[in-house]
Every structure is written in structure tokens, then in C-alpha cells.
$ cat target-v2.cif   # mmCIF, C-alpha atoms and all ligand atoms
data_final
loop_
_atom_site.label_atom_id
_atom_site.label_comp_id
_atom_site.auth_asym_id
_atom_site.auth_seq_id
_atom_site.Cartn_x
_atom_site.Cartn_y
_atom_site.Cartn_z
CA MET P 28 32.38 43.92 -45.60
CA SER P 29 28.66 44.58 -45.20
CA ILE P 30 25.86 42.53 -46.74
CA LEU P 31 22.47 43.94 -47.69
CA LEU P 32 19.51 41.71 -48.51
CA ILE P 33 16.68 43.50 -50.28
CA ASN P 34 13.13 42.62 -51.27
CA ILE P 35 12.89 39.88 -48.65
CA LYS P 36 9.43 38.36 -48.90
CA SER P 37 9.25 37.93 -45.14
CA LEU P 38 11.90 38.48 -42.47
CA LEU P 39 11.03 36.12 -39.62
CA GLN P 40 11.77 36.31 -35.91
CA ALA P 41 12.62 40.00 -36.30
CA GLY P 42 12.58 42.25 -33.26
CA ASP P 43 15.03 43.81 -30.85
CA GLY P 44 15.56 42.81 -27.25
CA MET P 45 14.79 39.11 -27.80
CA THR P 46 17.29 37.63 -25.38
CA SER P 47 15.34 35.28 -23.13
CA PRO P 48 13.47 32.08 -23.92
CA LYS P 49 9.84 32.23 -24.97
CA ARG P 50 7.34 30.19 -22.99
CA GLY P 51 3.65 29.31 -23.08
CA GLU P 52 1.51 31.48 -25.36
CA GLU P 53 4.55 33.49 -26.51
CA MET P 54 5.85 30.41 -28.26
CA SER P 55 3.00 30.59 -30.75
CA ARG P 56 4.09 34.03 -31.97
CA VAL P 57 6.80 34.83 -34.51
CA GLN P 58 7.24 38.50 -35.32
CA SER P 59 7.85 39.17 -39.00
CA VAL P 60 8.46 42.06 -41.38
CA ASP P 61 7.12 41.60 -44.90
CA ASP P 62 8.78 43.12 -47.97
CA ALA P 63 11.86 43.76 -45.90
CA TYR P 64 15.55 44.54 -46.05
CA LEU P 65 18.32 43.36 -43.76
CA LEU P 66 21.77 44.90 -43.37
CA ILE P 67 24.58 42.86 -41.84
CA GLY P 68 27.42 45.20 -40.90
CA ASN P 69 31.20 44.95 -41.25
CA ASP P 70 31.34 43.34 -37.82
CA ASN P 71 29.02 40.54 -39.08
CA ARG P 72 26.28 41.72 -36.76
CA ILE P 73 22.79 42.83 -37.64
CA ALA P 74 22.97 46.57 -38.21
CA GLU P 75 19.53 47.42 -39.58
CA TYR P 76 16.34 45.86 -40.85
CA GLY P 77 12.86 47.04 -41.70
CA ARG P 78 10.40 47.49 -44.52
CA MET P 79 11.76 48.24 -47.99
CA ASP P 80 9.57 51.34 -48.11
CA ASP P 81 11.38 52.70 -45.07
CA MET P 82 14.94 51.90 -46.18
CA ASP P 83 17.27 54.87 -46.33
CA PRO P 84 18.78 54.84 -49.90
CA LYS P 85 22.20 55.48 -48.35
CA ILE P 86 22.13 51.97 -46.89
CA GLN P 87 22.19 50.52 -50.39
CA GLU P 88 24.80 53.01 -51.62
CA HIS P 89 27.19 52.03 -48.84
CA ALA P 90 26.68 48.28 -48.63
CA SER P 91 29.60 46.17 -49.93
CA TYR P 92 27.31 43.43 -51.26
CA VAL P 93 23.67 43.68 -52.21
CA TYR P 94 21.50 40.66 -52.93
CA ASP P 95 17.95 40.84 -54.23
CA VAL P 96 16.16 37.94 -52.55
CA SER P 97 12.67 38.51 -53.93
CA GLY P 98 10.24 35.73 -53.09
CA ARG P 99 12.50 34.31 -50.38
CA ILE P 100 12.05 34.13 -46.64
CA VAL P 101 14.93 35.11 -44.35
CA LEU P 102 15.13 33.83 -40.80
CA PRO P 103 17.74 33.41 -38.07
CA CYS P 104 19.86 30.29 -38.34
CA PHE P 105 18.83 27.32 -36.25
CA CYS P 106 20.46 27.06 -32.83
CA ASP P 107 21.13 23.38 -32.26
CA SER P 108 21.68 23.13 -28.52
CA HIS P 109 22.20 19.37 -28.10
CA THR P 110 24.58 17.36 -30.29
CA HIS P 111 27.25 14.69 -29.92
CA LEU P 112 28.65 15.24 -33.39
CA VAL P 113 32.29 14.61 -32.56
CA TYR P 114 32.41 10.83 -32.89
CA ALA P 115 34.34 8.18 -34.77
CA GLY P 116 32.90 6.09 -37.59
CA ASN P 117 29.29 4.99 -37.22
CA ARG P 118 27.08 2.33 -35.62
CA GLU P 119 25.42 1.03 -38.74
CA GLN P 120 25.60 -2.57 -37.51
CA GLU P 121 23.60 -1.71 -34.38
CA PHE P 122 20.98 -0.16 -36.62
CA VAL P 123 20.46 -3.60 -38.09
CA ASP P 124 20.48 -5.23 -34.63
CA LYS P 125 17.76 -2.78 -33.65
CA ILE P 126 15.68 -3.64 -36.71
CA LYS P 127 16.01 -7.29 -35.69
CA GLY P 128 14.51 -6.48 -32.31
CA LEU P 129 17.22 -5.48 -29.83
CA SER P 130 16.45 -2.41 -27.74
CA TYR P 131 18.88 0.48 -27.11
CA GLY P 132 19.28 -0.77 -23.53
CA GLU P 133 19.97 -4.36 -24.64
CA ILE P 134 22.58 -3.21 -27.16
CA ALA P 135 24.22 -1.09 -24.45
CA ALA P 136 24.17 -3.95 -21.92
CA ARG P 137 26.11 -6.14 -24.42
CA GLY P 138 28.89 -3.56 -24.52
CA GLY P 139 27.57 -1.96 -27.69
CA GLY P 140 26.12 1.52 -27.95
CA ILE P 141 28.14 4.32 -26.42
CA LEU P 142 30.91 1.90 -25.35
CA ASN P 143 31.24 0.77 -28.95
CA SER P 144 31.74 4.37 -30.10
CA ALA P 145 34.23 4.94 -27.27
CA ALA P 146 36.30 1.89 -28.27
CA LEU P 147 36.51 3.11 -31.86
CA LEU P 148 37.26 6.69 -30.90
CA HIS P 149 40.13 5.46 -28.74
CA THR P 150 41.87 4.22 -31.92
CA TYR P 151 41.46 7.52 -33.78
CA PRO P 152 44.20 10.12 -33.98
CA GLU P 153 42.89 13.60 -33.16
CA GLU P 154 43.35 14.74 -36.76
CA GLU P 155 41.11 12.04 -38.17
CA LEU P 156 38.47 12.69 -35.53
CA PHE P 157 38.59 16.37 -36.43
CA GLU P 158 38.22 15.70 -40.17
CA GLU P 159 35.19 13.42 -39.74
CA SER P 160 33.56 15.83 -37.31
CA ALA P 161 34.31 18.90 -39.43
CA ALA P 162 32.52 17.23 -42.34
CA ARG P 163 29.43 16.94 -40.11
CA VAL P 164 29.71 20.60 -39.16
CA ARG P 165 29.88 21.59 -42.84
CA GLU P 166 26.82 19.44 -43.44
CA VAL P 167 24.72 21.02 -40.68
CA ILE P 168 25.75 24.51 -41.74
CA SER P 169 24.42 23.79 -45.22
CA LYS P 170 21.18 22.76 -43.53
CA GLY P 171 20.80 26.04 -41.69
CA THR P 172 22.48 25.54 -38.33
CA GLY P 173 24.21 28.71 -37.15
CA ALA P 174 25.01 27.95 -33.50
CA LEU P 175 25.97 24.61 -32.09
CA GLU P 176 26.48 22.78 -28.82
CA ILE P 177 28.73 19.73 -28.96
CA LYS P 178 29.27 17.19 -26.17
CA SER P 179 32.17 14.92 -25.40
CA GLY P 180 31.16 11.54 -23.96
CA TYR P 181 32.71 9.01 -26.33
CA GLY P 182 36.03 9.07 -24.51
CA LEU P 183 35.14 7.87 -21.01
CA ASN P 184 38.73 8.31 -19.87
CA LEU P 185 40.64 11.52 -19.34
CA GLU P 186 42.82 11.32 -22.42
CA ASP P 187 40.03 10.56 -24.88
CA GLU P 188 37.59 13.03 -23.34
CA LEU P 189 40.24 15.73 -23.73
CA LYS P 190 40.82 14.61 -27.32
CA ILE P 191 37.13 15.20 -28.08
CA LEU P 192 37.03 18.53 -26.26
CA ARG P 193 40.10 19.72 -28.16
CA VAL P 194 38.45 18.76 -31.43
CA ILE P 195 35.41 20.78 -30.36
CA ARG P 196 37.70 23.72 -29.64
CA ARG P 197 39.23 23.40 -33.12
CA ILE P 198 35.74 23.39 -34.61
CA SER P 199 34.94 26.50 -32.61
CA ASP P 200 38.12 28.20 -33.83
CA GLY P 201 37.78 27.06 -37.42
CA PHE P 202 34.14 27.69 -38.28
CA PRO P 203 32.29 31.00 -38.26
CA LEU P 204 29.54 29.93 -35.88
CA PRO P 205 29.34 30.02 -32.07
CA VAL P 206 30.11 26.61 -30.59
CA ARG P 207 29.52 25.63 -26.96
CA ALA P 208 31.39 22.62 -25.57
CA THR P 209 29.88 20.30 -22.98
CA PHE P 210 31.84 17.77 -20.94
CA LEU P 211 29.88 14.50 -20.81
CA GLY P 212 32.27 12.13 -19.09
CA ALA P 213 29.16 10.64 -17.45
CA HIS P 214 27.72 9.31 -20.70
CA ALA P 215 28.22 5.63 -19.87
CA VAL P 216 30.18 3.59 -17.35
CA PRO P 217 33.32 2.28 -19.08
CA GLY P 218 34.19 -1.42 -18.89
CA ARG P 219 37.04 -0.91 -16.42
CA PHE P 220 34.48 0.35 -13.91
CA ALA P 221 31.74 -2.14 -14.86
CA PHE P 222 31.31 -3.22 -11.23
CA ASN P 223 32.35 0.05 -9.64
CA ARG P 224 30.24 2.88 -11.03
CA LYS P 225 30.93 5.03 -8.00
CA GLY P 226 34.63 4.67 -8.73
CA TYR P 227 34.07 6.16 -12.18
CA VAL P 228 31.97 9.01 -10.74
CA SER P 229 34.85 9.73 -8.42
CA GLU P 230 37.29 9.71 -11.36
CA ILE P 231 35.06 12.22 -13.18
CA VAL P 232 34.84 14.47 -10.16
CA ASN P 233 38.43 14.24 -8.96
CA SER P 234 40.51 13.89 -12.08
CA MET P 235 38.55 14.57 -15.26
CA LEU P 236 36.62 17.70 -14.28
CA PRO P 237 39.64 19.51 -12.78
CA GLU P 238 41.63 18.93 -15.98
CA VAL P 239 38.75 19.98 -18.25
CA ALA P 240 38.31 23.12 -16.13
CA LYS P 241 42.04 23.85 -16.07
CA GLU P 242 42.20 23.83 -19.87
CA GLY P 243 38.94 25.82 -20.10
CA LEU P 244 37.57 23.25 -22.51
CA ALA P 245 33.89 23.16 -21.49
CA SER P 246 31.10 25.63 -20.83
CA TYR P 247 28.71 22.96 -19.57
CA CYS P 248 28.76 19.57 -17.86
CA ASP P 249 26.20 16.89 -18.73
CA VAL P 250 25.15 13.58 -17.14
CA PHE P 251 23.09 10.74 -18.64
CA CYS P 252 20.75 10.20 -15.69
CA GLU P 253 19.11 6.88 -16.49
CA LYS P 254 18.77 3.31 -15.24
CA GLY P 255 21.90 1.40 -16.26
CA PHE P 256 23.86 4.65 -16.64
CA PHE P 257 24.05 7.24 -13.81
CA SER P 258 21.82 7.68 -10.77
CA VAL P 259 20.31 10.86 -9.37
CA GLU P 260 22.99 10.87 -6.66
CA ASP P 261 25.77 10.51 -9.25
CA THR P 262 24.24 13.33 -11.27
CA GLU P 263 24.05 15.63 -8.28
CA ALA P 264 27.65 14.87 -7.26
CA ILE P 265 28.96 15.57 -10.77
CA LEU P 266 26.94 18.75 -11.34
CA ASP P 267 27.86 20.09 -7.90
CA ALA P 268 31.53 19.45 -8.63
CA ALA P 269 31.23 21.17 -12.03
CA ALA P 270 29.55 24.18 -10.42
CA LYS P 271 32.62 24.69 -8.26
CA TYR P 272 34.56 25.40 -11.47
CA GLY P 273 31.81 27.72 -12.76
CA ILE P 274 30.66 25.05 -15.24
CA ARG P 275 26.88 24.89 -15.41
CA GLY P 276 24.98 21.63 -15.68
CA THR P 277 22.63 20.06 -18.18
CA VAL P 278 21.06 16.60 -17.88
CA HIS P 279 19.93 13.77 -20.18
CA ALA P 280 16.68 13.19 -18.32
CA ASP P 281 13.69 10.84 -18.59
CA GLN P 282 14.78 9.38 -21.92
CA MET P 283 13.89 5.75 -21.20
CA SER P 284 12.19 6.00 -17.83
CA CYS P 285 11.12 8.66 -15.40
CA SER P 286 14.66 8.88 -14.02
CA GLY P 287 14.64 11.78 -11.57
CA GLY P 288 16.80 13.70 -14.03
CA VAL P 289 14.42 16.64 -14.24
CA GLU P 290 14.27 17.06 -10.49
CA VAL P 291 18.02 16.86 -9.98
CA GLY P 292 18.63 19.11 -12.97
CA ILE P 293 16.39 21.81 -11.60
CA ARG P 294 17.85 21.39 -8.11
CA CYS P 295 21.34 21.93 -9.56
CA ASN P 296 20.24 24.95 -11.63
CA ALA P 297 20.88 23.15 -14.92
CA VAL P 298 20.59 25.31 -18.02
CA SER P 299 18.52 22.55 -19.64
CA VAL P 300 17.17 19.07 -19.18
CA CYS P 301 17.00 17.13 -22.42
CA HIS P 302 14.90 14.31 -23.91
CA LEU P 303 11.91 14.10 -21.48
CA GLU P 304 10.14 11.30 -23.33
CA TYR P 305 9.05 9.85 -19.97
CA ALA P 306 8.49 13.14 -18.16
CA GLY P 307 5.03 13.09 -16.59
CA ASP P 308 2.68 15.65 -15.03
CA ALA P 309 4.92 16.26 -12.02
CA GLN P 310 8.02 16.93 -14.14
CA ILE P 311 6.07 19.16 -16.53
CA LYS P 312 4.81 21.20 -13.59
CA LEU P 313 8.30 21.58 -12.20
CA LEU P 314 9.70 22.70 -15.56
CA ALA P 315 6.89 25.21 -16.00
CA SER P 316 7.93 27.00 -12.85
CA SER P 317 11.68 26.83 -13.37
CA ASP P 318 14.22 28.60 -15.59
CA THR P 319 15.62 25.29 -16.79
CA ILE P 320 14.89 24.82 -20.48
CA ALA P 321 13.10 21.65 -21.61
CA THR P 322 15.06 20.54 -24.67
CA LEU P 323 13.27 18.04 -26.87
CA LEU P 324 15.05 15.72 -29.28
CA PRO P 325 12.47 14.19 -31.61
CA GLY P 326 15.14 12.86 -34.00
CA SER P 327 16.21 10.21 -31.52
CA THR P 328 12.64 9.35 -30.53
CA PHE P 329 11.93 8.79 -34.22
CA PHE P 330 15.07 6.73 -34.83
CA MET P 331 14.52 4.57 -31.76
CA ASN P 332 10.82 4.29 -32.47
CA MET P 333 9.92 5.31 -28.93
CA LYS P 334 7.26 7.40 -27.31
CA TYR P 335 7.39 11.13 -28.02
CA ALA P 336 7.78 13.72 -25.29
CA ARG P 337 4.68 15.69 -24.26
CA ALA P 338 5.73 18.87 -26.03
CA GLY P 339 2.27 20.40 -26.24
CA ASP P 340 1.65 19.84 -22.53
CA LEU P 341 5.01 21.41 -21.69
CA ILE P 342 4.19 24.50 -23.73
CA ARG P 343 0.65 24.80 -22.37
CA ALA P 344 1.98 24.47 -18.82
CA GLY P 345 4.36 27.39 -19.50
CA ALA P 346 7.74 25.67 -19.83
CA ALA P 347 10.43 27.05 -22.14
CA VAL P 348 10.80 24.38 -24.81
CA ALA P 349 13.80 24.07 -27.14
CA LEU P 350 14.27 21.74 -30.07
CA ALA P 351 17.61 20.17 -30.96
CA SER P 352 18.94 17.47 -33.29
CA ASN P 353 20.88 15.26 -30.84
CA TYR P 354 23.18 14.42 -33.77
CA ASN P 355 24.98 11.24 -32.62
CA PRO P 356 25.89 7.81 -34.04
CA GLY P 357 23.54 5.73 -31.89
CA SER P 358 20.15 7.36 -31.60
CA SER P 359 20.06 10.24 -34.07
CA PRO P 360 22.55 9.94 -36.92
CA TYR P 361 21.59 13.27 -38.50
CA GLY P 362 21.73 16.94 -37.62
CA ASP P 363 19.09 18.32 -39.94
CA MET P 364 17.11 20.90 -37.98
CA LEU P 365 14.52 21.18 -40.75
CA PHE P 366 13.75 17.51 -40.13
CA MET P 367 13.39 18.33 -36.41
CA LEU P 368 10.91 21.07 -37.31
CA GLY P 369 8.95 18.57 -39.39
CA LEU P 370 8.95 16.00 -36.57
CA ALA P 371 7.98 18.63 -34.02
CA CYS P 372 4.92 19.57 -36.05
CA VAL P 373 3.89 16.06 -37.11
CA LYS P 374 4.76 14.10 -33.97
CA TYR P 375 4.46 16.68 -31.17
CA GLY P 376 1.64 18.61 -32.79
CA LEU P 377 3.47 21.93 -32.48
CA THR P 378 2.58 24.76 -34.80
CA PRO P 379 5.33 25.94 -37.20
CA GLU P 380 5.69 29.07 -35.04
CA GLU P 381 6.17 27.04 -31.85
CA ALA P 382 8.68 24.80 -33.60
CA LEU P 383 10.62 27.78 -34.95
CA ASN P 384 10.80 29.49 -31.57
CA ALA P 385 12.00 26.23 -30.03
CA ALA P 386 14.69 25.81 -32.71
CA THR P 387 15.95 29.41 -32.67
CA ILE P 388 15.64 31.72 -29.65
CA ASN P 389 15.00 28.97 -27.12
CA GLY P 390 17.84 26.85 -28.50
CA ALA P 391 20.12 29.88 -28.29
CA CYS P 392 19.16 30.40 -24.64
CA ALA P 393 19.78 26.72 -23.91
CA MET P 394 23.42 27.42 -24.87
CA GLY P 395 23.65 30.74 -23.03
CA LEU P 396 23.63 32.51 -26.40
CA GLY P 397 20.36 34.41 -26.08
CA THR P 398 22.06 37.77 -26.56
CA GLU P 399 24.02 36.56 -29.61
CA CYS P 400 21.72 34.50 -31.81
CA GLY P 401 18.24 33.05 -32.25
CA SER P 402 16.55 36.15 -33.65
CA VAL P 403 17.02 38.94 -36.15
CA SER P 404 17.77 41.71 -33.67
CA ARG P 405 20.08 44.71 -34.01
CA GLY P 406 23.45 43.81 -32.48
CA LYS P 407 23.06 40.04 -32.72
CA LEU P 408 25.19 37.94 -35.06
CA GLY P 409 24.07 38.19 -38.67
CA ASN P 410 23.71 34.42 -39.03
CA VAL P 411 20.66 33.89 -41.22
CA ILE P 412 19.02 31.44 -43.59
CA ILE P 413 17.76 32.54 -47.01
CA THR P 414 15.17 30.06 -48.25
CA GLU P 415 14.20 29.08 -51.76
CA LYS P 416 11.05 30.78 -53.02
CA ILE P 417 8.51 29.32 -50.61
CA PRO P 418 5.05 30.53 -49.63
CA SER P 419 5.35 30.73 -45.84
CA LEU P 420 7.05 29.55 -42.67
CA GLY P 421 4.62 26.62 -42.51
CA TYR P 422 6.02 25.28 -45.77
CA MET P 423 9.32 24.48 -44.04
CA PRO P 424 8.09 21.75 -41.66
CA TYR P 425 5.49 20.73 -44.27
CA ALA P 426 8.01 20.00 -47.04
CA PHE P 427 10.99 19.28 -44.82
CA THR P 428 12.68 16.80 -47.14
CA SER P 429 12.82 19.30 -50.03
CA PRO P 430 15.98 21.39 -50.39
CA LEU P 431 14.36 24.56 -49.07
CA ILE P 432 17.50 26.36 -47.99
CA ASN P 433 19.10 28.47 -50.70
CA THR P 434 21.93 30.10 -48.76
CA VAL P 435 23.18 30.41 -45.21
CA ILE P 436 25.10 33.50 -44.07
CA LEU P 437 27.47 32.87 -41.17
CA GLY P 438 30.08 35.26 -39.90
CA GLY P 439 29.95 37.21 -43.17
CA HIS P 440 30.49 34.06 -45.30
CA LEU P 441 27.86 32.83 -47.73
CA TYR P 442 27.24 29.09 -47.95
CA GLY P 443 24.98 28.03 -50.81
CA LYS P 444 23.72 29.27 -54.12
CA LEU P 445 23.99 33.03 -53.57
CA GLN P 446 27.70 32.55 -53.04
CA ASP P 447 28.09 32.20 -56.80
CA THR P 448 25.78 34.98 -57.90
CA VAL P 449 27.08 38.32 -58.92
CA ARG P 450 26.52 40.95 -56.30
CA ARG P 451 26.26 44.66 -56.87
CA ASP P 452 29.65 46.45 -56.77
O1 LIG P 501 21.02 11.49 -26.32
N1 LIG P 501 21.26 9.00 -24.37
C1 LIG P 501 22.40 9.29 -24.39
N2 LIG P 501 23.10 9.84 -25.42
C2 LIG P 501 22.62 9.89 -26.78
C3 LIG P 501 22.85 8.61 -27.48
C4 LIG P 501 24.29 8.39 -27.68
C5 LIG P 501 24.64 7.14 -28.42
O2 LIG P 501 23.88 6.18 -28.44
O3 LIG P 501 25.74 7.15 -28.97
C6 LIG P 501 21.19 10.38 -26.81
O4 LIG P 501 20.29 9.73 -27.34
#

$ encode --input "target-v2.cif" --output "C-alpha cells" --more "lines below"
Ligand code: NIG
Amino acid sequence: MSILLINIKSLLQAGDGMTSPKRGEEMSRVQSVDDAYLLIGNDNRIAEYGRMDDMDPKIQEHASYVYDVSGRIVLPCFCDSHTHLVYAGNREQEFVDKIKGLSYGEIAARGGGILNSAALLHTYPEEELFEESAARVREVISKGTGALEIKSGYGLNLEDELKILRVIRRISDGFPLPVRATFLGAHAVPGRFAFNRKGYVSEIVNSMLPEVAKEGLASYCDVFCEKGFFSVEDTEAILDAAAKYGIRGTVHADQMSCSGGVEVGIRCNAVSVCHLEYAGDAQIKLLASSDTIATLLPGSTFFMNMKYARAGDLIRAGAAVALASNYNPGSSPYGDMLFMLGLACVKYGLTPEEALNAATINGACAMGLGTECGSVSRGKLGNVIITEKIPSLGYMPYAFTSPLINTVILGGHLYGKLQDTVRRD
């Protein structure tokens, strides 16, 4: 089945050969085609696009479905490259503790935080965990996400980590969007290793990673490199071990202090280092001259009321910056990428173009999906957002709480209002 969109007001991020992350000045440019058409072929990939004036009439004759989207903008789906959306229940009570003055670190030190989520997840059968997580996936799809990374990290023992990774695999098999799984056994030190962190690192390296690799359950391996969590040495040991299985690293770096996470991430050829709230001049310089993507997570900075990462400085220095939701129960209980765009513009001072590049092509590259998604390019997946009738790209981060997304097309399925409209036979 092929899908043709006609009379598109503006087709954003359109251009062939967009497979690598944008950096520096490039991030301020978004190529667009006005008064455009877009054909998604039977294979659910982008077959053709261009100006309406140039459209061969045969395209319309042969398309299975034709939708007139006059007045609407069409853009590639968001590529959310950092989430923890497979989790059990919520941490609403800690939200209140935080309002009353406890910090994230203090909550964690009392056995709350990640350990709290791990204790609850332990009690969940896989089916229930899948159902709760699938509901979150449906929610983010309706908000425009068309490619997703999901981490484990609320298991903290082999059995529960595998349970999460299997749920991620079921999500990948059951939804029409690319999903990348990341093993994050090193998310927190579980209680049984409270006084023996190195023992837990050794368990990750010697028993968890081999099993994860054997089942082929993860594309990436992550470490929370932070005081009170895992050291630079732990991070290096874990990422080196993962590399032996062909699993590339990524690091939670500089979230609450300048942790050394950027340096070790780059040294280990990590695909990305994420957070970077406390990254300073030295880390920015290193990122500017490396291929490691700087993934920023303004949703958690907002929720935790902390200091924002130096996004503008990273871009000006020439780093490749991606934007992700960090959907998780503790520091970012939402996966709305439009909200991230709004935060990126308001709090980081990015332009709408910079924010869009960070949330699409650069996010795709941060998941190794640069050839598959993140732009409207011939041959890439036809995963696109059709907006309501809005004036321009800038309106999206400007009015981010309004329901601006009309329909999302993913793998040939329509999610949203156009689903119910009559198409041309
Ligand atoms: O990226 N910092 C580590 N992980 C998450 C928080 C996870 C949680 O609190 O449950 C983050 O903010």
C-alpha cells in the first residue's frame, strides 16, 4: 500500500543523503520544500517528494491512498534517542518528597530513586510490565516519536534486567517503529552490593553482559557515571567489556557533577554521552572534536529544577547535539518530544531549526539510525508527522502544549485524525 500526501504547506527536513549528524552552523539550517507532495511506497519507505508543480500525474493515479493536507506541515518523526520507558508503576511519592526539599541524590541515598523502581519492577510479571510500557509507547507515538531507544536499568540483577530487555524486544517486534535496546545494568548499585560496588561491576562484566550478548538483546551498553553511582574506572571496565561483544557504549555523564563521563565516553568510542548539565569548557571542547554525540535531556533538568546544559556553547563549538526525552519515572516522567523542543528553545536558547535537527537527524544518528530515519530522504522510512494547520516550524516549540500533531504515519499505519478520513480510492 502506498500513501501520497499532496498540497503539503511545507515539507521539512527534506533532502537526500542526510545520514550523518549535523554540527555547528549546519544545525541552524532545515531544508524545506513548500507546496509539496510526498509519496511513501509499498515498502513504507520514502519513494518520492518534491513540489506539487513538478509531480508526475501518474504518481497520484497509482497511489493506494491520497490525502490532501493543505495548510499542514509535514516533517520526519522525532527520534528519541534516550529513554527508560520500560518501568513499573511510578514514583509520585518521591515527587512530593522533592517538593518538600529532598534532592535526587538524597532520595537515592535513602534507598529511593532507581532502587525504588527496581524493587517494584521485581514484583511485576513480564506481561504486566509489557502492558504498562506499551501504553507509554502508544502515547509517545501519538506525540510524534517515530524511532526510540529504550534502556534497561531497573532490574539490577540478571533476571530482572533480562525481563526488561525482553519487554523492549517485544515492543520492537510489536510496534512499527525502529527500537534500539540499551543494557544499563550500571544504573545504580543494588542493596546487596551496597558496600561492594566493585563486586557489582564484576557481576555486570562477567555474568550479565555475556548473557545479554548471548541473547542478542542490546545494541548499546550504558553506565551512569556519577558520584554515588559508578566511577570513571567502573565505566571504562564495563564499556570495554561490552565492546568485546560488539556492543557500543553510551554514558550518563556530568548530570550532577563534572564526573569524567565525557572523557571516558569519548575514550571508549561511545556513540553518545548524555545529560551534560555540568559539562564545562574542557568537555565542550572535547565533544566538538569527537564523533560522540552530545545528547541533551532538558525534560529532566526541568523536572529536577537543576541547571541547564550549555547547549548553545556546544553547538557554537561544533559538537553534534541531539535532544531526547529521557522518559523515566524519577527525573522525566514524560516522553513528549514537542515539550523537549519547547524547552530547548526557551531554556537552552536554541532556534527552532537547531532544536528540530537535534530531535530528528542527530537523534537518529545517536541510535545508529542515520540511514533509516531523521529526515525526509528517498529510501528512508516513511515515518512522518502531519501537523495541524500551523504557520511555521517555529510555532511548534512556541505553542508546545497545544495539540499540534494531527496524524503520525509509521510503517504505513496512520495514527491520528487522518486515520478516519476518507481517502481517494
Ligand atoms: O537519566 N540519571 C540516571 N537515570 C535517569 C533517572 C532514572 C530514575 O531516576 O529513575 C536520568 O535522569

$ residues_around --input "target-v2.cif" --residues "Gly287 in chain P" --least-positions-apart "5" --cutoff "12 Å" --atoms "all atoms listed in the file" --output "PyMOL selection string"
chain P and resi 251-254+257-263+278-282+292-294+300+303+305-307+309-310+313

$ residues_around --input "target-v2.cif" --residues "range 162-175 of chain P" --least-positions-apart "4" --cutoff "8 Å" --atoms "all atoms listed in the file" --output "ChimeraX atom specification"
/P:104-110,112,158,204-207,362-365,391,400,410-412,432,434-435,437,442-443

$ residues_around --input "target-v2.cif" --residues "Gly243 in chain P" --least-positions-apart "2" --cutoff "10 Å" --atoms "only C-alpha atoms" --output "number ranges by chain"
P: 192, 196, 208, 237-241, 245-246, 272, 274

$ residues_around --input "target-v2.cif" --residues "Leu420 in chain P" --least-positions-apart "5" --cutoff "12 Å" --atoms "all atoms listed in the file" --output "number ranges by chain"
P: 36-40, 56-59, 99-102, 365, 368-369, 378-384, 413-415, 425-427, 431

$ write_last_selection --input "target-v2.cif" --atoms "C-alpha atoms" --output "short mmCIF file (atom, residue, chain, number, x, y, z; two decimals), keeping the file's coordinate frame"
data_model
loop_
_atom_site.label_atom_id
_atom_site.label_comp_id
_atom_site.auth_asym_id
_atom_site.auth_seq_id
_atom_site.Cartn_x
_atom_site.Cartn_y
_atom_site.Cartn_z
CA LYS P 36 9.43 38.36 -48.90
CA SER P 37 9.25 37.93 -45.14
CA LEU P 38 11.90 38.48 -42.47
CA LEU P 39 11.03 36.12 -39.62
CA GLN P 40 11.77 36.31 -35.91
CA ARG P 56 4.09 34.03 -31.97
CA VAL P 57 6.80 34.83 -34.51
CA GLN P 58 7.24 38.50 -35.32
CA SER P 59 7.85 39.17 -39.00
CA ARG P 99 12.50 34.31 -50.38
CA ILE P 100 12.05 34.13 -46.64
CA VAL P 101 14.93 35.11 -44.35
CA LEU P 102 15.13 33.83 -40.80
CA LEU P 365 14.52 21.18 -40.75
CA LEU P 368 10.91 21.07 -37.31
CA GLY P 369 8.95 18.57 -39.39
CA THR P 378 2.58 24.76 -34.80
CA PRO P 379 5.33 25.94 -37.20
CA GLU P 380 5.69 29.07 -35.04
CA GLU P 381 6.17 27.04 -31.85
CA ALA P 382 8.68 24.80 -33.60
CA LEU P 383 10.62 27.78 -34.95
CA ASN P 384 10.80 29.49 -31.57
CA ILE P 413 17.76 32.54 -47.01
CA THR P 414 15.17 30.06 -48.25
CA GLU P 415 14.20 29.08 -51.76
CA TYR P 425 5.49 20.73 -44.27
CA ALA P 426 8.01 20.00 -47.04
CA PHE P 427 10.99 19.28 -44.82
CA LEU P 431 14.36 24.56 -49.07
#

$ residues_around --input "target-v2.cif" --residues "Ala115 in chain P" --least-positions-apart "6" --cutoff "7 Å" --atoms "all atoms listed in the file" --output "MDAnalysis selection string"
chainID P and resid 144 147:148 156

$ atom_distance --input "target-v2.cif" --atom1 "CA of Gly438 in chain P" --atom2 "CA of Pro203 in chain P"
5.1 Å
